[in-house]
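Engineer: My structure is in query-v4.cif, and what it holds is mmCIF, C-alpha atoms and all ligand atoms:
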data_start
#
loop_
_atom_site.group_PDB
_atom_site.id
_atom_site.type_symbol
_atom_site.label_atom_id
_atom_site.label_comp_id
_atom_site.auth_asym_id
_atom_site.auth_seq_id
_atom_site.Cartn_x
_atom_site.Cartn_y
_atom_site.Cartn_z
ATOM 1 C CA SER F 1 -16.992 -0.275 24.352
ATOM 2 C CA GLN F 2 -13.844 1.069 22.692
ATOM 3 C CA GLN F 3 -13.058 -2.457 21.456
ATOM 4 C CA ALA F 4 -16.516 -2.875 19.897
ATOM 5 C CA LEU F 5 -16.117 0.503 18.163
ATOM 6 C CA GLU F 6 -12.709 -0.503 16.816
ATOM 7 C CA LYS F 7 -14.119 -3.784 15.501
ATOM 8 C CA ARG F 8 -16.754 -1.863 13.525
ATOM 9 C CA THR F 9 -14.125 0.599 12.302
ATOM 10 C CA ALA F 10 -11.899 -2.203 11.012
ATOM 11 C CA ALA F 11 -14.910 -3.926 9.431
ATOM 12 C CA ALA F 12 -15.962 -0.733 7.647
ATOM 13 C CA ALA F 13 -12.417 -0.231 6.339
ATOM 14 C CA ALA F 14 -12.427 -3.763 4.901
ATOM 15 C CA LEU F 15 -15.601 -3.005 2.957
ATOM 16 C CA ARG F 16 -13.587 -0.596 0.790
ATOM 17 C CA TRP F 17 -11.425 -3.546 -0.341
ATOM 18 C CA VAL F 18 -14.435 -5.329 -1.844
ATOM 19 C CA ARG F 19 -14.964 -5.004 -5.607
ATOM 20 C CA ASP F 20 -18.064 -5.778 -7.665
ATOM 21 C CA GLY F 21 -18.239 -9.388 -8.774
ATOM 22 C CA MET F 22 -15.872 -10.715 -6.112
ATOM 23 C CA LEU F 23 -16.141 -14.175 -4.610
ATOM 24 C CA LEU F 24 -15.588 -13.678 -0.879
ATOM 25 C CA SER F 25 -14.630 -15.935 2.030
ATOM 26 C CA LEU F 26 -16.623 -14.681 5.027
ATOM 27 C CA GLY F 27 -14.910 -14.950 8.422
ATOM 28 C CA THR F 28 -16.177 -15.877 11.875
ATOM 29 C CA GLY F 29 -16.319 -13.940 15.143
ATOM 30 C CA SER F 30 -17.628 -10.558 16.213
ATOM 31 C CA THR F 31 -15.388 -8.454 13.952
ATOM 32 C CA SER F 32 -16.323 -10.594 10.945
ATOM 33 C CA ALA F 33 -19.987 -10.339 11.954
ATOM 34 C CA ALA F 34 -19.702 -6.554 11.735
ATOM 35 C CA PHE F 35 -18.148 -6.884 8.262
ATOM 36 C CA ILE F 36 -20.819 -9.343 7.054
ATOM 37 C CA THR F 37 -23.566 -7.007 8.290
ATOM 38 C CA LEU F 38 -22.079 -3.958 6.541
ATOM 39 C CA LEU F 39 -21.494 -6.018 3.375
ATOM 40 C CA GLY F 40 -25.126 -7.157 3.451
ATOM 41 C CA GLU F 41 -26.277 -3.543 3.640
ATOM 42 C CA ALA F 42 -24.196 -2.664 0.573
ATOM 43 C CA VAL F 43 -25.576 -5.666 -1.326
ATOM 44 C CA GLN F 44 -29.164 -4.834 -0.368
ATOM 45 C CA ALA F 45 -28.606 -1.204 -1.416
ATOM 46 C CA GLY F 46 -27.488 -2.468 -4.829
ATOM 47 C CA GLN F 47 -24.019 -0.956 -4.329
ATOM 48 C CA LEU F 48 -22.182 -4.282 -4.605
ATOM 49 C CA ARG F 49 -22.782 -7.548 -6.420
ATOM 50 C CA VAL F 50 -20.801 -10.246 -4.609
ATOM 51 C CA GLN F 51 -21.127 -13.878 -3.598
ATOM 52 C CA GLY F 52 -19.634 -15.579 -0.559
ATOM 53 C CA THR F 53 -18.864 -18.785 1.267
ATOM 54 C CA ALA F 54 -18.848 -18.678 5.082
ATOM 55 C CA THR F 55 -16.215 -20.103 7.449
ATOM 56 C CA SER F 56 -18.858 -21.293 9.936
ATOM 57 C CA LEU F 57 -22.521 -22.202 10.168
ATOM 58 C CA ALA F 58 -22.949 -19.104 12.360
ATOM 59 C CA SER F 59 -21.520 -16.818 9.670
ATOM 60 C CA GLU F 60 -23.520 -18.665 7.014
ATOM 61 C CA ASN F 61 -26.737 -17.949 8.909
ATOM 62 C CA LEU F 62 -25.811 -14.279 9.328
ATOM 63 C CA ALA F 63 -24.851 -13.922 5.660
ATOM 64 C CA ARG F 64 -28.187 -15.425 4.646
ATOM 65 C CA GLN F 65 -30.038 -13.093 7.036
ATOM 66 C CA VAL F 66 -28.400 -9.978 5.572
ATOM 67 C CA GLY F 67 -28.939 -11.147 1.981
ATOM 68 C CA ILE F 68 -25.472 -12.097 0.744
ATOM 69 C CA PRO F 69 -25.791 -14.744 -1.998
ATOM 70 C CA LEU F 70 -23.948 -17.907 -0.890
ATOM 71 C CA VAL F 71 -21.857 -20.307 -2.973
ATOM 72 C CA GLU F 72 -21.658 -24.002 -2.129
ATOM 73 C CA PRO F 73 -18.193 -25.627 -1.986
ATOM 74 C CA ARG F 74 -17.229 -27.040 -5.398
ATOM 75 C CA ARG F 75 -14.064 -28.209 -7.182
ATOM 76 C CA GLY F 76 -11.839 -25.324 -8.244
ATOM 77 C CA LEU F 77 -13.638 -22.791 -6.058
ATOM 78 C CA ARG F 78 -11.215 -20.028 -5.094
ATOM 79 C CA PHE F 79 -11.936 -16.668 -3.480
ATOM 80 C CA ASP F 80 -10.776 -13.229 -4.600
ATOM 81 C CA LEU F 81 -10.768 -11.936 -1.026
ATOM 82 C CA ALA F 82 -11.037 -13.496 2.431
ATOM 83 C CA VAL F 83 -11.915 -11.209 5.341
ATOM 84 C CA ASP F 84 -11.577 -12.545 8.896
ATOM 85 C CA GLY F 85 -10.616 -11.613 12.430
ATOM 86 C CA ALA F 86 -7.874 -12.975 14.645
ATOM 87 C CA ASP F 87 -7.342 -13.616 18.329
ATOM 88 C CA GLU F 88 -3.741 -12.430 18.128
ATOM 89 C CA LEU F 89 -1.432 -11.205 15.352
ATOM 90 C CA ASP F 90 2.216 -10.218 15.345
ATOM 91 C CA ALA F 91 4.164 -7.840 13.105
ATOM 92 C CA GLN F 92 4.913 -10.652 10.620
ATOM 93 C CA LEU F 93 1.142 -11.289 10.324
ATOM 94 C CA ARG F 94 1.449 -14.654 12.061
ATOM 95 C CA LEU F 95 -1.946 -15.255 13.641
ATOM 96 C CA ILE F 96 -3.615 -17.189 16.389
ATOM 97 C CA LYS F 97 -7.179 -17.965 15.323
ATOM 98 C CA GLY F 98 -9.923 -20.272 16.533
ATOM 99 C CA GLY F 99 -11.302 -18.370 19.513
ATOM 100 C CA GLY F 100 -14.663 -18.664 17.774
ATOM 101 C CA GLY F 101 -14.166 -22.384 17.128
ATOM 102 C CA ALA F 102 -14.112 -22.064 13.322
ATOM 103 C CA LEU F 103 -10.406 -22.567 12.654
ATOM 104 C CA LEU F 104 -10.815 -25.582 10.330
ATOM 105 C CA ARG F 105 -13.111 -23.930 7.772
ATOM 106 C CA GLU F 106 -11.257 -20.620 8.219
ATOM 107 C CA LYS F 107 -7.932 -22.198 7.301
ATOM 108 C CA LEU F 108 -9.543 -24.140 4.444
ATOM 109 C CA LEU F 109 -11.175 -21.111 2.797
ATOM 110 C CA GLU F 110 -8.366 -18.651 3.570
ATOM 111 C CA THR F 111 -5.913 -21.060 1.959
ATOM 112 C CA ALA F 112 -8.227 -21.109 -1.096
ATOM 113 C CA SER F 113 -8.177 -17.283 -1.293
ATOM 114 C CA GLU F 114 -6.048 -15.026 -3.499
ATOM 115 C CA TYR F 115 -5.939 -12.372 -0.780
ATOM 116 C CA PHE F 116 -6.560 -12.881 2.959
ATOM 117 C CA LEU F 117 -7.228 -9.614 4.798
ATOM 118 C CA VAL F 118 -7.331 -9.610 8.616
ATOM 119 C CA ILE F 119 -9.558 -7.129 10.455
ATOM 120 C CA ALA F 120 -8.943 -6.484 14.135
ATOM 121 C CA ASP F 121 -9.157 -4.063 17.032
ATOM 122 C CA SER F 122 -5.957 -2.754 18.601
ATOM 123 C CA THR F 123 -5.939 -5.318 21.437
ATOM 124 C CA LYS F 124 -5.119 -8.140 18.978
ATOM 125 C CA LEU F 125 -1.707 -6.820 17.841
ATOM 126 C CA VAL F 126 0.971 -8.353 20.114
ATOM 127 C CA PRO F 127 4.779 -8.394 20.136
ATOM 128 C CA GLN F 128 4.807 -12.191 20.599
ATOM 129 C CA LEU F 129 2.067 -14.809 20.099
ATOM 130 C CA GLY F 130 0.913 -17.054 22.886
ATOM 131 C CA ARG F 131 -0.822 -15.168 25.644
ATOM 132 C CA PHE F 132 -4.071 -16.193 23.963
ATOM 133 C CA PRO F 133 -4.573 -19.972 24.264
ATOM 134 C CA LEU F 134 -3.888 -21.802 20.990
ATOM 135 C CA PRO F 135 -7.039 -23.617 19.741
ATOM 136 C CA LEU F 136 -6.871 -27.105 18.209
ATOM 137 C CA GLU F 137 -9.658 -29.063 16.506
ATOM 138 C CA VAL F 138 -9.365 -32.680 17.667
ATOM 139 C CA VAL F 139 -11.056 -35.959 16.678
ATOM 140 C CA PRO F 140 -12.796 -37.156 19.876
ATOM 141 C CA PHE F 141 -11.205 -40.635 19.890
ATOM 142 C CA ALA F 142 -7.719 -39.070 19.813
ATOM 143 C CA LEU F 143 -8.245 -36.754 22.789
ATOM 144 C CA PRO F 144 -6.208 -38.506 25.529
ATOM 145 C CA TRP F 145 -3.102 -38.824 23.365
ATOM 146 C CA VAL F 146 -3.453 -35.259 22.057
ATOM 147 C CA LEU F 147 -3.674 -33.878 25.607
ATOM 148 C CA ASP F 148 -0.501 -35.802 26.539
ATOM 149 C CA ALA F 149 1.329 -34.573 23.431
ATOM 150 C CA VAL F 150 0.353 -30.917 23.989
ATOM 151 C CA GLU F 151 1.599 -31.104 27.588
ATOM 152 C CA LYS F 152 4.918 -32.533 26.373
ATOM 153 C CA LEU F 153 5.205 -29.484 24.087
ATOM 154 C CA GLY F 154 4.802 -27.218 27.107
ATOM 155 C CA GLY F 155 1.170 -26.208 26.650
ATOM 156 C CA ALA F 156 -1.499 -26.616 29.327
ATOM 157 C CA PRO F 157 -4.452 -28.138 27.396
ATOM 158 C CA GLU F 158 -8.101 -27.490 28.256
ATOM 159 C CA VAL F 159 -10.983 -29.191 26.464
ATOM 160 C CA ARG F 160 -13.415 -26.410 25.535
ATOM 161 C CA THR F 161 -16.877 -26.606 27.066
ATOM 162 C CA VAL F 162 -20.064 -24.809 26.132
ATOM 163 C CA LYS F 163 -20.289 -21.340 27.793
ATOM 164 C CA ALA F 164 -23.716 -22.042 29.257
ATOM 165 C CA ASP F 165 -22.884 -25.493 30.649
ATOM 166 C CA PRO F 166 -19.373 -26.525 31.825
ATOM 167 C CA ASN F 167 -20.448 -30.170 31.685
ATOM 168 C CA GLN F 168 -21.140 -30.029 27.947
ATOM 169 C CA LEU F 169 -18.173 -30.305 25.584
ATOM 170 C CA TYR F 170 -18.065 -27.736 22.752
ATOM 171 C CA ARG F 171 -18.438 -29.300 19.301
ATOM 172 C CA SER F 172 -17.139 -27.710 16.083
ATOM 173 C CA ASP F 173 -19.209 -27.493 12.885
ATOM 174 C CA GLN F 174 -17.542 -30.809 12.024
ATOM 175 C CA ASN F 175 -18.651 -32.260 15.405
ATOM 176 C CA ASN F 176 -15.038 -32.495 16.624
ATOM 177 C CA LEU F 177 -13.698 -31.274 19.986
ATOM 178 C CA LEU F 178 -11.836 -28.018 20.613
ATOM 179 C CA VAL F 179 -8.738 -27.967 22.855
ATOM 180 C CA ASP F 180 -7.335 -24.619 24.032
ATOM 181 C CA CYS F 181 -3.594 -24.832 24.767
ATOM 182 C CA TYR F 182 -2.091 -22.357 27.231
ATOM 183 C CA PHE F 183 1.559 -21.823 26.198
ATOM 184 C CA ASN F 184 1.804 -18.275 27.643
ATOM 185 C CA ALA F 185 4.478 -17.485 25.053
ATOM 186 C CA ILE F 186 5.244 -19.010 21.634
ATOM 187 C CA PRO F 187 8.749 -17.809 20.738
ATOM 188 C CA ASP F 188 8.973 -20.038 17.638
ATOM 189 C CA PRO F 189 5.480 -20.288 16.050
ATOM 190 C CA GLU F 190 6.707 -22.079 12.901
ATOM 191 C CA ARG F 191 8.364 -24.807 14.974
ATOM 192 C CA LEU F 192 5.298 -25.316 17.166
ATOM 193 C CA MET F 193 3.046 -25.395 14.098
ATOM 194 C CA HIS F 194 5.061 -28.234 12.554
ATOM 195 C CA GLN F 195 5.143 -30.144 15.850
ATOM 196 C CA LEU F 196 1.361 -29.892 16.145
ATOM 197 C CA GLN F 197 0.837 -30.915 12.525
ATOM 198 C CA ASN F 198 2.653 -34.188 13.277
ATOM 199 C CA ILE F 199 0.352 -35.196 16.118
ATOM 200 C CA PRO F 200 -2.287 -37.688 14.898
ATOM 201 C CA GLY F 201 -5.852 -36.656 15.723
ATOM 202 C CA ILE F 202 -5.290 -32.910 15.560
ATOM 203 C CA VAL F 203 -7.310 -32.080 12.457
ATOM 204 C CA GLU F 204 -6.424 -28.347 12.545
ATOM 205 C CA GLN F 205 -4.358 -26.003 14.705
ATOM 206 C CA GLY F 206 -4.890 -22.250 15.225
ATOM 207 C CA LEU F 207 -1.506 -20.932 14.049
ATOM 208 C CA PHE F 208 -2.052 -19.209 10.652
ATOM 209 C CA ILE F 209 1.407 -18.476 9.240
ATOM 210 C CA GLY F 210 2.143 -17.124 5.763
ATOM 211 C CA LEU F 211 -1.560 -16.792 4.895
ATOM 212 C CA ALA F 212 -2.573 -13.221 5.673
ATOM 213 C CA LYS F 213 -1.442 -10.625 3.106
ATOM 214 C CA ALA F 214 -2.489 -7.551 5.121
ATOM 215 C CA ALA F 215 -4.223 -6.559 8.344
ATOM 216 C CA LEU F 216 -6.452 -3.577 9.091
ATOM 217 C CA ILE F 217 -5.944 -2.653 12.743
ATOM 218 C CA ALA F 218 -8.277 -0.051 14.240
ATOM 219 C CA ASN F 219 -6.743 2.277 16.830
ATOM 220 C CA GLY F 220 -9.671 4.392 17.998
ATOM 221 C CA ALA F 221 -11.033 5.917 14.799
ATOM 222 C CA ASP F 222 -7.780 5.411 12.877
ATOM 223 C CA VAL F 223 -7.012 2.298 10.824
ATOM 224 C CA GLN F 224 -3.441 1.190 10.169
ATOM 225 C CA VAL F 225 -2.619 -1.234 7.380
ATOM 226 C CA ILE F 226 -0.002 -3.810 8.331
ATOM 227 C CA ARG F 227 1.839 -5.891 5.747
ATOM 228 C CA PRO F 228 4.391 -8.586 6.657
HETATM 229 O O1 LIG F 301 -12.284 -17.682 15.795
HETATM 230 C C1 LIG F 301 -11.685 -16.870 15.073
HETATM 231 O O2 LIG F 301 -10.652 -17.151 14.433
HETATM 232 C C2 LIG F 301 -12.193 -15.464 15.055
HETATM 233 O O3 LIG F 301 -11.793 -14.810 13.877
HETATM 234 C C3 LIG F 301 -11.599 -14.778 16.261
HETATM 235 O O4 LIG F 301 -10.277 -15.055 16.274
HETATM 236 C C4 LIG F 301 -11.795 -13.279 16.287
HETATM 237 O O5 LIG F 301 -12.938 -13.070 17.015
HETATM 238 P P1 LIG F 301 -13.436 -11.606 17.368
HETATM 239 O O6 LIG F 301 -13.502 -10.856 16.060
HETATM 240 O O7 LIG F 301 -14.786 -11.851 17.976
HETATM 241 O O8 LIG F 301 -12.444 -10.998 18.321
#
Kindly transcribe the structure held in the file into structure tokens.
Structural biologist:
Amino acid sequence: SQQALEKRTAAAAALRWVRDGMLLSLGTGSTSAAFITLLGEAVQAGQLRVQGTATSLASENLARQVGIPLVEPRRGLRFDLAVDGADELDAQLRLIKGGGGALLREKLLETASEYFLVIADSTKLVPQLGRFPLPLEVVPFALPWVLDAVEKLGGAPEVRTVKADPNQLYRSDQNNLLVDCYFNAIPDPERLMHQLQNIPGIVEQGLFIGLAKAALIANGADVQVIRP
């Protein structure tokens, strides 16, 4: 599909931002998977010497498969470059992330990175955030109160289930629950982010504001660089 092509185009463009010796934060989702695969090829071909930490067990497995040396979390560990996708991004590089369920480790590692670069196909760039449901990672015990609080903020909350079985609740890599909140439009992302951060039991929310330094957006075969 055109979208799959654009994901690979954005991923390939991000590879040119990688320098020998870098410590990388490896993102999660299909666009990041394309980047990890291309990066692995460059490492295997001896073109790049890098190490990485993954933002999900899925990306960790892929990175291992393609031969990217992995670094365990340790005190003081910071990354030269983080590469990751997004579900939505606006012109100020405010993001909605978490469609792949990895928002907690993504925010953790992208916060610990000197430079966070977003890679995305053209469908992700939107004039206003919020058509994509906002993911939250929630401690199971807190769920009822979190659902009430999200509704009071104007979002329709849905507890995420496993694709294959609607009776099985999705669990994050931390074994927490995922709640997708349908706001339709988020006119004031900063305000909503602070409201969500004050709700006990929400361990992470999918608004990433002030983190991304640039985005590579593929439009067909062209790639535009967006800076806030
Ligand atoms: O879950 C995430 O944050 C992913 O980065 C997601 O937002 C992008 O997934 P995609 O590259 O498969 O569209």
Engineer: Given a cut-off of 8 Å, what residues near ligand LIG 301 (chain F) show up using only C-alpha atoms and all ligand atoms, put as a list of chain:residue names?
Structural biologist: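 Checked against 8 Å with only C-alpha atoms and all ligand atoms; the hits are F:Lys7, F:Gly27, F:Thr28, F:Gly29, F:Ser30, F:Thr31, F:Ser32, F:Ala33, F:Asp84, F:Gly85, F:Ala86, F:Asp87, F:Glu88, F:Ile96, F:Lys97, F:Gly98, F:Gly99, F:Gly100, F:Gly101, F:Ala102, F:Leu103, F:Glu106, F:Ile119, F:Ala120, F:Asp121, F:Lys124, F:Gly206.
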Engineer: Here's the selection I'm unsure about, the PyMOL selection byres (((chain F and resi 59) around 9) and not hetatm); applied to the file above, which residues does it give, as a ChimeraX atom specification?
Structural biologist: /F:26-29,32-33,36,54-58,60-64
Engineer: Hey, what's within 9 Å of stretch 151-160 of chain F if we count only C-alpha atoms and toss same-chain stuff fewer than 2 positions away? As a list of chain:residue names, please?
Structural biologist: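 Surrounding residues, per the criterion: F:Pro133, F:Leu134, F:Leu143, F:Val146, F:Leu147, F:Asp148, F:Ala149, F:Val162, F:Lys163, F:Pro166, F:Gln168, F:Leu169, F:Tyr170, F:Arg171, F:Leu177, F:Leu178, F:Val179, F:Asp180, F:Cys181, F:Tyr182, F:Phe183, F:Asn184, F:Leu192, F:Gln195, F:Leu196.
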Engineer: Between atom CA of F:Val71 and atom CA of F:Leu95, what is the distance in Å, rounded to a tenth?
Structural biologist: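 Spanning atom CA of F:Val71 to atom CA of F:Leu95 is a straight-line distance of 26.4 Å.
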Engineer: Work out how far atom CA of F:Gln2 is from atom CA of F:Glu110, in Å to one decimal.
Structural biologist: 28.0 Å
Engineer: Can you list, as a VMD selection string, every protein, DNA or RNA residue that comes within 10 Å of F:Ala221 when you count all atoms listed in the file, leaving out same-chain residues fewer than 5 positions away?
Structural biologist: chain F and resid 2 5 to 6 8 to 10
Engineer: For a quick check of understanding, using only C-alpha atoms, which of F:Met193, F:Leu104, F:Ala212, F:Ala12 has the smallest distance to F:Gln174?
Structural biologist: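 For F:Gln174, the nearest of the given residues is F:Leu104.
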Engineer: Show which residues sit within 8 Å of F:Pro228, as a CSV table (one decimal) with C-alpha atoms, keeping the file's coordinate frame. Count only C-alpha atoms, and ignore same-chain residues fewer than 5 positions away.
Structural biologist:
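Here's the written file out.csv:
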chain,number,residue,atom,x,y,z
F,91,ALA,CA,4.2,-7.8,13.1
F,92,GLN,CA,4.9,-10.7,10.6
F,93,LEU,CA,1.1,-11.3,10.3
F,213,LYS,CA,-1.4,-10.6,3.1
F,214,ALA,CA,-2.5,-7.6,5.1
Engineer: Which value, in Å to one decimal, gives the distance between atom CA of F:Arg94 and atom CA of F:Glu72?
Structural biologist: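 Taking atom CA of F:Arg94 as the start and atom CA of F:Glu72 as the end point, the length is 28.7 Å.
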